[in-house]
file start-v4.cif (mmCIF, C-alpha atoms and all ligand atoms)
data_data
#
loop_
_atom_site.group_PDB
_atom_site.id
_atom_site.type_symbol
_atom_site.label_atom_id
_atom_site.label_comp_id
_atom_site.auth_asym_id
_atom_site.auth_seq_id
_atom_site.Cartn_x
_atom_site.Cartn_y
_atom_site.Cartn_z
ATOM 1 C CA MET V 23 122.387 144.753 93.090
ATOM 2 C CA LYS V 24 122.085 147.053 96.085
ATOM 3 C CA ILE V 25 125.063 149.202 97.029
ATOM 4 C CA SER V 26 125.514 147.310 100.299
ATOM 5 C CA GLU V 27 125.598 143.969 98.469
ATOM 6 C CA LEU V 28 128.024 145.298 95.914
ATOM 7 C CA PHE V 29 130.289 146.511 98.702
ATOM 8 C CA LYS V 30 130.124 143.137 100.443
ATOM 9 C CA SER V 31 131.074 141.248 97.310
ATOM 10 C CA LEU V 32 133.932 143.695 96.657
ATOM 11 C CA VAL V 33 135.320 143.139 100.161
ATOM 12 C CA GLU V 34 135.041 139.413 99.659
ATOM 13 C CA THR V 35 136.953 139.543 96.384
ATOM 14 C CA ILE V 36 139.733 141.604 97.913
ATOM 15 C CA SER V 37 140.048 139.559 101.095
ATOM 16 C CA THR V 38 139.859 136.125 99.494
ATOM 17 C CA ARG V 39 141.672 134.201 96.780
ATOM 18 C CA PRO V 40 140.967 130.986 94.872
ATOM 19 C CA LEU V 41 142.545 127.755 96.146
ATOM 20 C CA GLY V 42 145.192 126.347 93.825
ATOM 21 C CA ARG V 43 145.813 122.686 93.041
ATOM 22 C CA ARG V 44 149.469 122.806 94.110
ATOM 23 C CA GLU V 45 148.838 124.098 97.625
ATOM 24 C CA LEU V 46 145.952 121.659 98.070
ATOM 25 C CA GLU V 47 148.203 118.825 96.970
ATOM 26 C CA LYS V 48 150.824 119.878 99.487
ATOM 27 C CA VAL V 49 148.391 119.852 102.415
ATOM 28 C CA LEU V 50 146.696 116.659 101.216
ATOM 29 C CA ASP V 51 150.031 114.862 100.872
ATOM 30 C CA GLU V 52 150.676 115.523 104.550
ATOM 31 C CA TYR V 53 147.286 114.189 105.594
ATOM 32 C CA GLY V 54 147.581 111.283 103.176
ATOM 33 C CA LEU V 55 150.877 110.210 104.665
ATOM 34 C CA LYS V 56 149.401 110.287 108.143
ATOM 35 C CA LEU V 57 146.442 108.169 107.027
ATOM 36 C CA ILE V 58 148.810 105.650 105.480
ATOM 37 C CA THR V 59 150.777 105.376 108.717
ATOM 38 C CA CYS V 60 147.425 104.614 110.370
ATOM 39 C CA ASP V 61 147.121 101.583 108.039
ATOM 40 C CA VAL V 62 144.558 103.144 105.725
ATOM 41 C CA ALA V 63 145.024 101.532 102.310
ATOM 42 C CA LEU V 64 146.858 103.499 99.626
ATOM 43 C CA PRO V 65 144.178 103.404 96.870
ATOM 44 C CA PHE V 66 141.704 104.888 99.320
ATOM 45 C CA VAL V 67 144.078 107.698 100.233
ATOM 46 C CA GLU V 68 144.674 108.425 96.541
ATOM 47 C CA GLU V 69 140.956 108.664 95.844
ATOM 48 C CA LEU V 70 140.462 110.870 98.886
ATOM 49 C CA LYS V 71 143.118 113.286 97.624
ATOM 50 C CA ASN V 72 141.684 113.426 94.115
ATOM 51 C CA ARG V 73 138.125 113.910 95.282
ATOM 52 C CA ILE V 74 139.063 116.719 97.630
ATOM 53 C CA ILE V 75 141.115 118.548 95.018
ATOM 54 C CA GLU V 76 138.163 118.259 92.646
ATOM 55 C CA THR V 77 135.847 119.766 95.256
ATOM 56 C CA LEU V 78 138.093 122.516 96.565
ATOM 57 C CA GLU V 79 140.170 123.708 93.632
ATOM 58 C CA GLY V 80 139.142 127.250 92.736
ATOM 59 C CA GLN V 81 137.032 127.755 95.860
ATOM 60 C CA ARG V 82 137.716 131.082 97.516
ATOM 61 C CA THR V 83 139.615 131.101 100.787
ATOM 62 C CA PRO V 84 140.346 133.979 103.228
ATOM 63 C CA LEU V 85 143.553 135.748 102.289
ATOM 64 C CA PHE V 86 144.719 136.624 105.764
ATOM 65 C CA ASP V 87 143.988 133.409 107.655
ATOM 66 C CA LYS V 88 147.093 131.222 107.477
ATOM 67 C CA ASN V 89 145.234 128.125 108.629
ATOM 68 C CA ALA V 90 142.320 128.539 106.248
ATOM 69 C CA VAL V 91 143.530 125.949 103.750
ATOM 70 C CA LYS V 92 144.213 123.370 106.438
ATOM 71 C CA LYS V 93 140.853 123.972 108.041
ATOM 72 C CA VAL V 94 138.885 123.599 104.840
ATOM 73 C CA VAL V 95 140.862 120.502 103.801
ATOM 74 C CA GLU V 96 140.358 118.883 107.174
ATOM 75 C CA ARG V 97 136.618 119.558 107.072
ATOM 76 C CA GLU V 98 136.482 117.978 103.632
ATOM 77 C CA ILE V 99 138.493 114.938 104.764
ATOM 78 C CA GLU V 100 136.141 114.452 107.686
ATOM 79 C CA LYS V 101 133.165 114.578 105.341
ATOM 80 C CA PHE V 102 134.710 112.068 102.953
ATOM 81 C CA LEU V 103 135.663 109.666 105.764
ATOM 82 C CA LEU V 104 132.148 109.734 107.208
ATOM 83 C CA GLU V 105 130.675 109.155 103.760
ATOM 84 C CA THR V 106 132.976 106.169 103.267
ATOM 85 C CA LEU V 107 132.064 104.624 106.611
ATOM 86 C CA GLY V 108 128.354 104.834 105.780
ATOM 87 C CA ASN V 109 125.506 103.986 108.108
ATOM 88 C CA GLY V 110 125.592 100.893 110.221
ATOM 89 C CA PHE V 111 122.652 99.198 111.892
ATOM 90 C CA ASP V 112 121.780 97.689 115.214
ATOM 91 C CA LEU V 113 121.679 93.900 115.284
ATOM 92 C CA ILE V 114 119.251 93.718 118.209
ATOM 93 C CA GLU V 115 116.783 95.973 116.414
ATOM 94 C CA GLU V 116 117.180 93.988 113.203
ATOM 95 C CA ALA V 117 116.745 90.704 115.050
ATOM 96 C CA LYS V 118 113.602 91.943 116.754
ATOM 97 C CA ASN V 119 112.035 93.362 113.596
ATOM 98 C CA SER V 120 112.930 90.625 111.085
ATOM 99 C CA PRO V 121 111.071 87.404 110.260
ATOM 100 C CA LYS V 122 112.118 84.567 112.562
ATOM 101 C CA PRO V 123 114.407 82.865 112.869
ATOM 102 C CA PHE V 124 116.829 85.730 112.387
ATOM 103 C CA LYS V 125 119.914 84.085 110.916
ATOM 104 C CA LEU V 126 123.443 85.455 111.024
ATOM 105 C CA LEU V 127 126.254 83.828 109.082
ATOM 106 C CA PHE V 128 129.769 84.776 110.199
ATOM 107 C CA ILE V 129 132.653 84.512 107.750
ATOM 108 C CA GLY V 130 136.305 85.543 107.799
ATOM 109 C CA VAL V 131 139.899 84.365 107.848
ATOM 110 C CA ASN V 132 141.088 81.944 110.511
ATOM 111 C CA GLY V 133 142.076 83.576 113.809
ATOM 112 C CA VAL V 134 140.433 86.949 113.196
ATOM 113 C CA GLY V 135 137.966 86.510 116.052
ATOM 114 C CA LYS V 136 134.849 84.949 114.500
ATOM 115 C CA THR V 137 134.056 82.454 117.230
ATOM 116 C CA THR V 138 134.668 84.979 120.005
ATOM 117 C CA THR V 139 132.506 87.540 118.196
ATOM 118 C CA ILE V 140 129.670 85.020 117.835
ATOM 119 C CA ALA V 141 129.785 84.350 121.575
ATOM 120 C CA LYS V 142 129.626 88.113 122.191
ATOM 121 C CA VAL V 143 126.658 88.576 119.838
ATOM 122 C CA ALA V 144 124.920 85.611 121.503
ATOM 123 C CA TYR V 145 125.487 87.214 124.906
ATOM 124 C CA MET V 146 124.142 90.546 123.624
ATOM 125 C CA PHE V 147 121.029 88.905 122.112
ATOM 126 C CA LYS V 148 120.363 86.886 125.239
ATOM 127 C CA LYS V 149 120.617 90.028 127.370
ATOM 128 C CA ALA V 150 118.129 91.724 125.027
ATOM 129 C CA GLY V 151 115.664 88.901 125.660
ATOM 130 C CA LEU V 152 116.172 87.067 122.373
ATOM 131 C CA SER V 153 116.528 83.289 122.288
ATOM 132 C CA VAL V 154 119.631 81.986 120.511
ATOM 133 C CA ILE V 155 120.975 78.790 119.013
ATOM 134 C CA LEU V 156 124.592 78.387 117.893
ATOM 135 C CA ALA V 157 125.689 76.323 114.890
ATOM 136 C CA CYS V 158 129.250 75.153 114.444
ATOM 137 C CA SER V 159 129.668 75.001 110.681
ATOM 138 C CA ASP V 160 133.421 75.000 111.217
ATOM 139 C CA THR V 161 133.863 71.266 110.750
ATOM 140 C CA PHE V 162 137.337 71.811 109.314
ATOM 141 C CA ARG V 163 139.501 72.775 112.260
ATOM 142 C CA ALA V 164 140.070 70.366 115.102
ATOM 143 C CA GLY V 165 139.016 72.129 118.285
ATOM 144 C CA ALA V 166 136.409 74.369 116.660
ATOM 145 C CA VAL V 167 133.501 72.330 118.005
ATOM 146 C CA GLU V 168 134.965 72.287 121.519
ATOM 147 C CA GLN V 169 135.569 76.037 121.455
ATOM 148 C CA LEU V 170 132.038 76.973 120.414
ATOM 149 C CA SER V 171 130.514 74.296 122.675
ATOM 150 C CA GLN V 172 132.361 75.807 125.625
ATOM 151 C CA HIS V 173 130.786 79.185 124.842
ATOM 152 C CA ALA V 174 127.348 77.556 124.479
ATOM 153 C CA LYS V 175 127.782 75.972 127.893
ATOM 154 C CA SER V 176 128.936 79.202 129.557
ATOM 155 C CA LEU V 177 126.058 81.140 128.016
ATOM 156 C CA GLY V 178 123.482 78.374 128.576
ATOM 157 C CA LEU V 179 122.593 78.072 124.880
ATOM 158 C CA PRO V 180 121.697 75.146 122.608
ATOM 159 C CA ILE V 181 124.215 74.290 119.923
ATOM 160 C CA ILE V 182 124.265 72.115 116.795
ATOM 161 C CA THR V 183 127.552 70.394 115.996
ATOM 162 C CA LYS V 184 128.638 67.541 113.772
ATOM 163 C CA ALA V 185 131.752 65.428 113.512
ATOM 164 C CA TYR V 186 134.982 66.801 112.095
ATOM 165 C CA GLY V 187 134.811 66.708 108.286
ATOM 166 C CA SER V 188 130.987 66.766 108.061
ATOM 167 C CA ASP V 189 129.167 68.982 105.585
ATOM 168 C CA PRO V 190 129.130 72.497 107.108
ATOM 169 C CA ALA V 191 125.962 73.478 105.224
ATOM 170 C CA SER V 192 124.028 70.616 106.816
ATOM 171 C CA VAL V 193 125.003 71.855 110.294
ATOM 172 C CA GLY V 194 123.571 75.272 109.494
ATOM 173 C CA PHE V 195 120.462 73.707 107.983
ATOM 174 C CA GLU V 196 119.888 71.620 111.085
ATOM 175 C CA ALA V 197 120.244 74.654 113.351
ATOM 176 C CA VAL V 198 117.674 76.559 111.300
ATOM 177 C CA SER V 199 115.269 73.581 111.384
ATOM 178 C CA TYR V 200 115.723 73.346 115.151
ATOM 179 C CA ALA V 201 115.003 77.068 115.509
ATOM 180 C CA LEU V 202 111.884 76.769 113.341
ATOM 181 C CA SER V 203 110.480 73.819 115.250
ATOM 182 C CA LYS V 204 111.327 75.111 118.742
ATOM 183 C CA GLY V 205 110.610 78.781 118.105
ATOM 184 C CA VAL V 206 114.200 79.923 118.725
ATOM 185 C CA GLU V 207 114.414 83.515 117.509
ATOM 186 C CA THR V 208 118.022 83.784 116.355
ATOM 187 C CA VAL V 209 120.573 81.430 114.786
ATOM 188 C CA LEU V 210 124.280 82.288 114.846
ATOM 189 C CA ILE V 211 126.402 80.273 112.442
ATOM 190 C CA ASP V 212 130.161 79.916 112.822
ATOM 191 C CA THR V 213 132.252 78.910 109.800
ATOM 192 C CA ALA V 214 135.787 77.742 109.054
ATOM 193 C CA GLY V 215 138.524 80.240 108.320
ATOM 194 C CA ARG V 216 141.593 79.070 106.437
ATOM 195 C CA MET V 217 142.965 81.526 103.899
ATOM 196 C CA HIS V 218 140.770 83.959 102.039
ATOM 197 C CA THR V 219 142.531 82.887 98.864
ATOM 198 C CA ASP V 220 141.288 79.323 99.330
ATOM 199 C CA ILE V 221 138.747 78.652 96.576
ATOM 200 C CA ASN V 222 137.361 75.518 98.273
ATOM 201 C CA LEU V 223 136.562 77.523 101.350
ATOM 202 C CA MET V 224 134.843 80.198 99.296
ATOM 203 C CA ASP V 225 132.745 77.548 97.529
ATOM 204 C CA GLU V 226 131.893 75.966 100.851
ATOM 205 C CA LEU V 227 130.795 79.332 102.268
ATOM 206 C CA LYS V 228 128.684 79.997 99.185
ATOM 207 C CA LYS V 229 126.987 76.647 99.686
ATOM 208 C CA ILE V 230 126.251 77.354 103.360
ATOM 209 C CA LYS V 231 124.822 80.702 102.363
ATOM 210 C CA ARG V 232 122.610 79.134 99.707
ATOM 211 C CA VAL V 233 121.299 76.481 102.081
ATOM 212 C CA VAL V 234 120.853 78.648 105.176
ATOM 213 C CA GLU V 235 119.665 81.887 103.502
ATOM 214 C CA PRO V 236 121.017 84.112 106.263
ATOM 215 C CA SER V 237 119.236 87.347 107.189
ATOM 216 C CA TYR V 238 122.708 88.905 107.192
ATOM 217 C CA THR V 239 126.158 87.635 106.355
ATOM 218 C CA ILE V 240 128.813 89.293 108.477
ATOM 219 C CA LEU V 241 132.497 89.489 107.694
ATOM 220 C CA VAL V 242 134.742 89.506 110.745
ATOM 221 C CA VAL V 243 138.065 91.273 110.247
ATOM 222 C CA ASP V 244 140.966 91.570 112.673
ATOM 223 C CA ALA V 245 141.657 95.280 113.173
ATOM 224 C CA LEU V 246 145.336 94.453 113.582
ATOM 225 C CA THR V 247 145.553 92.985 110.087
ATOM 226 C CA GLY V 248 146.594 96.347 108.679
ATOM 227 C CA ASN V 249 146.945 96.303 104.949
ATOM 228 C CA ASP V 250 145.637 92.786 104.374
ATOM 229 C CA ALA V 251 142.236 93.866 105.709
ATOM 230 C CA TRP V 252 141.650 95.405 102.290
ATOM 231 C CA ASN V 253 142.349 92.111 100.480
ATOM 232 C CA GLN V 254 140.199 90.116 102.868
ATOM 233 C CA ALA V 255 137.270 92.510 102.528
ATOM 234 C CA SER V 256 137.607 92.478 98.771
ATOM 235 C CA ASP V 257 138.054 88.687 98.314
ATOM 236 C CA PHE V 258 135.164 87.707 100.562
ATOM 237 C CA GLN V 259 132.994 90.324 98.890
ATOM 238 C CA SER V 260 133.635 89.097 95.371
ATOM 239 C CA HIS V 261 133.480 85.371 96.192
ATOM 240 C CA VAL V 262 130.816 85.100 98.880
ATOM 241 C CA GLY V 263 129.305 88.530 99.532
ATOM 242 C CA TYR V 264 128.346 89.991 102.893
ATOM 243 C CA ASP V 265 126.192 92.760 104.319
ATOM 244 C CA ALA V 266 128.238 94.229 107.140
ATOM 245 C CA ILE V 267 131.563 94.012 108.939
ATOM 246 C CA ILE V 268 132.585 93.509 112.550
ATOM 247 C CA LEU V 269 136.111 94.571 113.428
ATOM 248 C CA ALA V 270 137.546 92.397 116.195
ATOM 249 C CA LYS V 271 140.541 93.322 118.362
ATOM 250 C CA PHE V 272 139.784 97.016 118.023
ATOM 251 C CA ASP V 273 141.105 97.423 121.580
ATOM 252 C CA ALA V 274 144.540 96.254 120.518
ATOM 253 C CA ASP V 275 144.746 98.523 117.474
ATOM 254 C CA GLU V 276 146.108 101.999 118.047
ATOM 255 C CA LYS V 277 146.193 102.922 114.377
ATOM 256 C CA GLY V 278 142.609 102.107 113.474
ATOM 257 C CA GLY V 279 142.832 102.511 109.711
ATOM 258 C CA ALA V 280 141.336 99.124 108.841
ATOM 259 C CA ALA V 281 137.768 100.383 109.327
ATOM 260 C CA LEU V 282 138.167 102.827 106.454
ATOM 261 C CA SER V 283 139.858 100.370 104.126
ATOM 262 C CA VAL V 284 137.250 97.646 104.536
ATOM 263 C CA SER V 285 134.280 99.984 104.203
ATOM 264 C CA TYR V 286 135.770 101.681 101.187
ATOM 265 C CA VAL V 287 136.582 98.518 99.279
ATOM 266 C CA SER V 288 133.309 96.721 100.079
ATOM 267 C CA LYS V 289 130.901 99.664 100.403
ATOM 268 C CA LYS V 290 129.585 97.894 103.527
ATOM 269 C CA PRO V 291 129.439 99.415 106.996
ATOM 270 C CA VAL V 292 131.392 98.372 110.062
ATOM 271 C CA ILE V 293 128.583 97.764 112.547
ATOM 272 C CA TYR V 294 130.372 96.625 115.706
ATOM 273 C CA VAL V 295 133.874 96.488 117.129
ATOM 274 C CA GLY V 296 135.356 93.926 119.492
ATOM 275 C CA THR V 297 137.014 95.668 122.399
ATOM 276 C CA GLY V 298 138.418 92.793 124.443
ATOM 277 C CA GLN V 299 138.073 89.123 125.270
ATOM 278 C CA LYS V 300 135.042 89.259 127.573
ATOM 279 C CA TYR V 301 131.497 88.571 126.365
ATOM 280 C CA SER V 302 130.524 92.158 127.086
ATOM 281 C CA ASP V 303 133.377 93.539 124.965
ATOM 282 C CA LEU V 304 131.338 94.316 121.864
ATOM 283 C CA GLU V 305 130.335 97.872 120.997
ATOM 284 C CA ARG V 306 128.367 99.569 118.247
ATOM 285 C CA PHE V 307 130.833 101.226 115.884
ATOM 286 C CA ASN V 308 130.513 104.989 116.057
ATOM 287 C CA PRO V 309 131.856 106.612 112.842
ATOM 288 C CA GLU V 310 131.769 110.170 114.231
ATOM 289 C CA LYS V 311 133.801 109.217 117.277
ATOM 290 C CA TYR V 312 136.163 107.130 115.176
ATOM 291 C CA VAL V 313 136.866 109.909 112.649
ATOM 292 C CA LYS V 314 137.316 112.444 115.429
ATOM 293 C CA ASN V 315 139.853 110.169 117.153
ATOM 294 C CA LEU V 316 141.685 109.454 113.931
ATOM 295 C CA LEU V 317 142.000 113.114 112.948
ATOM 296 C CA SER V 318 142.831 114.328 116.444
ATOM 297 C CA GLY V 319 146.066 112.369 116.160
ATOM 298 C CA PHE V 320 147.130 114.585 113.218
HETATM 299 N N1 LIG K 401 141.906 91.701 122.463
HETATM 300 C C1 LIG K 401 140.966 91.080 121.764
HETATM 301 N N2 LIG K 401 141.117 89.792 121.424
HETATM 302 C C2 LIG K 401 140.158 89.179 120.695
HETATM 303 C C3 LIG K 401 138.994 89.889 120.278
HETATM 304 N N3 LIG K 401 138.232 89.034 119.545
HETATM 305 C C4 LIG K 401 138.886 87.848 119.538
HETATM 306 N N4 LIG K 401 140.049 87.927 120.220
HETATM 307 C C5 LIG K 401 141.063 86.845 120.413
HETATM 308 O O1 LIG K 401 141.538 86.424 119.157
HETATM 309 C C6 LIG K 401 141.866 85.041 119.162
HETATM 310 C C7 LIG K 401 141.208 84.318 117.998
HETATM 311 O O2 LIG K 401 139.816 84.368 118.165
HETATM 312 P P1 LIG K 401 138.802 83.292 117.575
HETATM 313 O O3 LIG K 401 137.444 83.754 117.963
HETATM 314 O O4 LIG K 401 139.176 81.917 117.967
HETATM 315 O O5 LIG K 401 139.039 83.485 115.997
HETATM 316 P P2 LIG K 401 138.429 82.653 114.775
HETATM 317 O O6 LIG K 401 139.496 81.693 114.335
HETATM 318 O O7 LIG K 401 138.156 83.665 113.710
HETATM 319 O O8 LIG K 401 137.195 81.973 115.226
HETATM 320 C C8 LIG K 401 141.430 84.535 120.527
HETATM 321 O O9 LIG K 401 142.550 84.445 121.364
HETATM 322 C C9 LIG K 401 140.454 85.602 121.014
HETATM 323 O O10 LIG K 401 140.409 85.678 122.404
HETATM 324 C C10 LIG K 401 138.869 91.283 120.642
HETATM 325 O O11 LIG K 401 137.905 91.995 120.294
HETATM 326 N N5 LIG K 401 139.881 91.820 121.378
HETATM 327 MG MG MG K 402 136.692 79.966 115.074
#
call {"tool": "encode", "arguments": {"input": "start-v4.cif", "output": "C-alpha cells"}}
result
Amino acid sequence: MKISELFKSLVETISTRPLGRRELEKVLDEYGLKLITCDVALPFVEELKNRIIETLEGQRTPLFDKNAVKKVVEREIEKFLLETLGNGFDLIEEAKNSPKPFKLLFIGVNGVGKTTTIAKVAYMFKKAGLSVILACSDTFRAGAVEQLSQHAKSLGLPIITKAYGSDPASVGFEAVSYALSKGVETVLIDTAGRMHTDINLMDELKKIKRVVEPSYTILVVDALTGNDAWNQASDFQSHVGYDAIILAKFDADEKGGAALSVSYVSKKPVIYVGTGQKYSDLERFNPEKYVKNLLSGF
C-alpha cells in the first residue's frame, strides 16, 4: 500500500465508526411508525426494518455528522420501497404489441372502482386509436349492466351483456368471439365484486379466466381501503391470480400506503392510479414520485 493510501485509510478509521444495531433500530422504529400511520401494512414494515438492519449493521458511518445515520437509513428505505414497487408496464403499449384481441379481465371487491376504471381504460385505449368492446360479466348485481351500458353509450363502444343471473363466463366468451369476428382489438371484461372471502365468487372468477384466457388479469383496489388492501391483494392472488394492480381513488387518499402493501404481498406492480371520477382521471403509477412524496412527509 502506498503511503498516501495508508494515510487515507487511517483518516477514515479515525473519522468513522461502525453502525450498531441498537441505534439503527431506534431510527427505523421512527420511520416504521410513520409508515404504519400511512396505512402501510405491519408485516411489510417489520421486514423492511429487518432487511435494513441486516444491510447496514457494521457499516462505517462518519463520526462527526449527526445526521449520517438518518441519511443512510433513509436512502436504504427508499431503495427497499422502490424494489418492492417493482416495474409496471404501459397498457397501451401492451395492447398494441400483443396478439389480438388483447383481453383484460378486471377483478376486485365490490365498490372499489372496477367499472369506473374499465370505462377509463376504454377511454384511454380509444384515444390511442385502439378499438374496444366491453363485456359485463357482472351478472350478479342489479344495476351492473345499466352502469356499464351507460359508459358504453357515452364512449360510443359496443358492449356484450346478458340477463341478471346468467353465466358470467359466457358473457366474456361472447365478447371475445365478437372481437375475433369483427376485428375489435381490445376486450375489457367487468366482473362481480361481493366479498373477497366469498368462495363462490372466486370459483366464478377462475372459470371466467379459464374460458376467456385474458392477456392480463388486473386487480382493482380502493386506495382508501387501508389495511384491508393487504388481505384483498393476498386473497385474490391465492384464489384467482392476477398480473398487475390498479389503485382507484388515489386522489382521495392522503396516506397512500396501500400501494406498498399490495405490491409487497402479491409481488405484482401497481400500473395505474385512478385520480378522480372523470374518464381522463387515470394515470400511470410513478414509483419514484410516489416514494418521494411518501418520504417527504417524514
Ligand atoms: N374519487 C374517485 N372516485 C372513484 C374513482 N374510481 C371510482 N370511483 C367511485 O367509486 C364508486 C364505486 O365505483 P364502481 O366503479 O362502481 O366500483 P365497482 O363496484 O368496483 O365496479 C363510484 O362512485 C365511483 O365514481 C377514483 O379514482 N377516484
Ligand atoms: Mg362494478
call {"tool": "resolve_selection", "arguments": {"input": "start-v4.cif", "expression": "the PyMOL selection byres (((not hetatm)) within 6 of (chain K and resi 402))", "output": "mmCIF file with C-alpha atoms, in the frame of the given file"}}
result
data_model
loop_
_atom_site.group_PDB
_atom_site.id
_atom_site.type_symbol
_atom_site.label_atom_id
_atom_site.label_comp_id
_atom_site.auth_asym_id
_atom_site.auth_seq_id
_atom_site.Cartn_x
_atom_site.Cartn_y
_atom_site.Cartn_z
ATOM 1 C CA LYS V 136 134.849 84.949 114.500
ATOM 2 C CA THR V 137 134.056 82.454 117.230
ATOM 3 C CA ALA V 166 136.409 74.369 116.660
#
call {"tool": "residues_near_ligand", "arguments": {"input": "start-v4.cif", "ligand": "ligand LIG 401 (chain K)", "cutoff": "7 Å", "atoms": "all atoms listed in the file", "output": "MDAnalysis selection string"}}
result
chainID V and resid 130:139 215 270:274 295:299 303
call {"tool": "residues_around", "arguments": {"input": "start-v4.cif", "residues": "V:Val198", "least_positions_apart": "4", "cutoff": "10 Å", "atoms": "all atoms listed in the file", "output": "PyMOL selection string"}}
result
chain V and resi 122-125+155-157+182+192-194+202-204+206-211+233-236
call {"tool": "residues_around", "arguments": {"input": "start-v4.cif", "residues": "V:Leu55", "least_positions_apart": "5", "cutoff": "9 Å", "atoms": "all atoms listed in the file", "output": "list in words"}}
result
Leu50, Cys60 and Val67 of chain V
call {"tool": "residues_around", "arguments": {"input": "start-v4.cif", "residues": "V:Asp265", "least_positions_apart": "3", "cutoff": "8 Å", "atoms": "only C-alpha atoms", "output": "list of chain:residue names"}}
result
V:Tyr238, V:Thr239, V:Ile240, V:Leu241, V:Lys290, V:Pro291
call {"tool": "closest_residue", "arguments": {"input": "start-v4.cif", "among": "V:Glu79, V:Asp160, V:Glu305, V:Glu98", "to": "V:Arg216", "atoms": "all atoms listed in the file"}}
result
V:Asp160
call {"tool": "residues_around", "arguments": {"input": "start-v4.cif", "residues": "V:Glu47", "least_positions_apart": "4", "cutoff": "9 Å", "atoms": "all atoms listed in the file", "output": "PyMOL selection string"}}
result
chain V and resi 42-43+51-52+71-72+75
call {"tool": "residues_near_point", "arguments": {"input": "start-v4.cif", "point": "(137.3, 90.0, 105.8)", "cutoff": "10 Å", "atoms": "all atoms listed in the file", "output": "short mmCIF file (atom, residue, chain, number, x, y, z; two decimals) with C-alpha atoms, in the coordinates of the input"}}
result
data_model
loop_
_atom_site.label_atom_id
_atom_site.label_comp_id
_atom_site.auth_asym_id
_atom_site.auth_seq_id
_atom_site.Cartn_x
_atom_site.Cartn_y
_atom_site.Cartn_z
CA ILE V 129 132.65 84.51 107.75
CA GLY V 130 136.30 85.54 107.80
CA VAL V 131 139.90 84.36 107.85
CA VAL V 134 140.43 86.95 113.20
CA HIS V 218 140.77 83.96 102.04
CA ILE V 240 128.81 89.29 108.48
CA LEU V 241 132.50 89.49 107.69
CA VAL V 242 134.74 89.51 110.74
CA VAL V 243 138.06 91.27 110.25
CA ASP V 244 140.97 91.57 112.67
CA THR V 247 145.55 92.98 110.09
CA ASP V 250 145.64 92.79 104.37
CA ALA V 251 142.24 93.87 105.71
CA TRP V 252 141.65 95.40 102.29
CA ASN V 253 142.35 92.11 100.48
CA GLN V 254 140.20 90.12 102.87
CA ALA V 255 137.27 92.51 102.53
CA SER V 256 137.61 92.48 98.77
CA ASP V 257 138.05 88.69 98.31
CA PHE V 258 135.16 87.71 100.56
CA GLN V 259 132.99 90.32 98.89
CA TYR V 264 128.35 89.99 102.89
CA ILE V 267 131.56 94.01 108.94
CA ILE V 268 132.58 93.51 112.55
CA LEU V 269 136.11 94.57 113.43
CA VAL V 284 137.25 97.65 104.54
CA SER V 288 133.31 96.72 100.08
#
call {"tool": "atom_distance", "arguments": {"input": "start-v4.cif", "atom1": "atom CA of V:Thr35", "atom2": "atom CA of V:Ile74"}}
result
23.0 Å
call {"tool": "resolve_selection", "arguments": {"input": "start-v4.cif", "expression": "the PyMOL selection byres (((chain V and resi 301) around 7) and not hetatm)", "output": "list in words"}}
result
Ala141, Lys142, Tyr145, Gln299, Lys300, Ser302 and Asp303 of chain V
call {"tool": "residues_near_point", "arguments": {"input": "start-v4.cif", "point": "(140.3, 99.3, 107.8)", "cutoff": "9 Å", "atoms": "only C-alpha atoms", "output": "ChimeraX atom specification"}}
result
/V:61-63,243,245,247-249,251-252,269,278-286
call {"tool": "atom_distance", "arguments": {"input": "start-v4.cif", "atom1": "atom CA of V:Ile99", "atom2": "atom CA of V:Thr38"}}
result
21.9 Å
call {"tool": "resolve_selection", "arguments": {"input": "start-v4.cif", "expression": "the PyMOL selection byres (((chain V and resi 190) around 10) and not hetatm)", "output": "PyMOL selection string"}}
result
chain V and resi 157-162+183-189+191-195+211-214+226-227+229-230
call {"tool": "atom_distance", "arguments": {"input": "start-v4.cif", "atom1": "atom CA of V:Phe111", "atom2": "atom CA of V:Ile181"}}
result
26.2 Å
call {"tool": "closest_residue", "arguments": {"input": "start-v4.cif", "among": "V:Lys48, V:Arg82, V:Thr106, V:Glu116", "to": "V:Val292", "atoms": "only C-alpha atoms"}}
result
V:Thr106
call {"tool": "closest_residue", "arguments": {"input": "start-v4.cif", "among": "V:Phe307, V:Leu107, V:Lys148, V:Leu70", "to": "V:Lys289", "atoms": "only C-alpha atoms"}}
result
V:Leu107
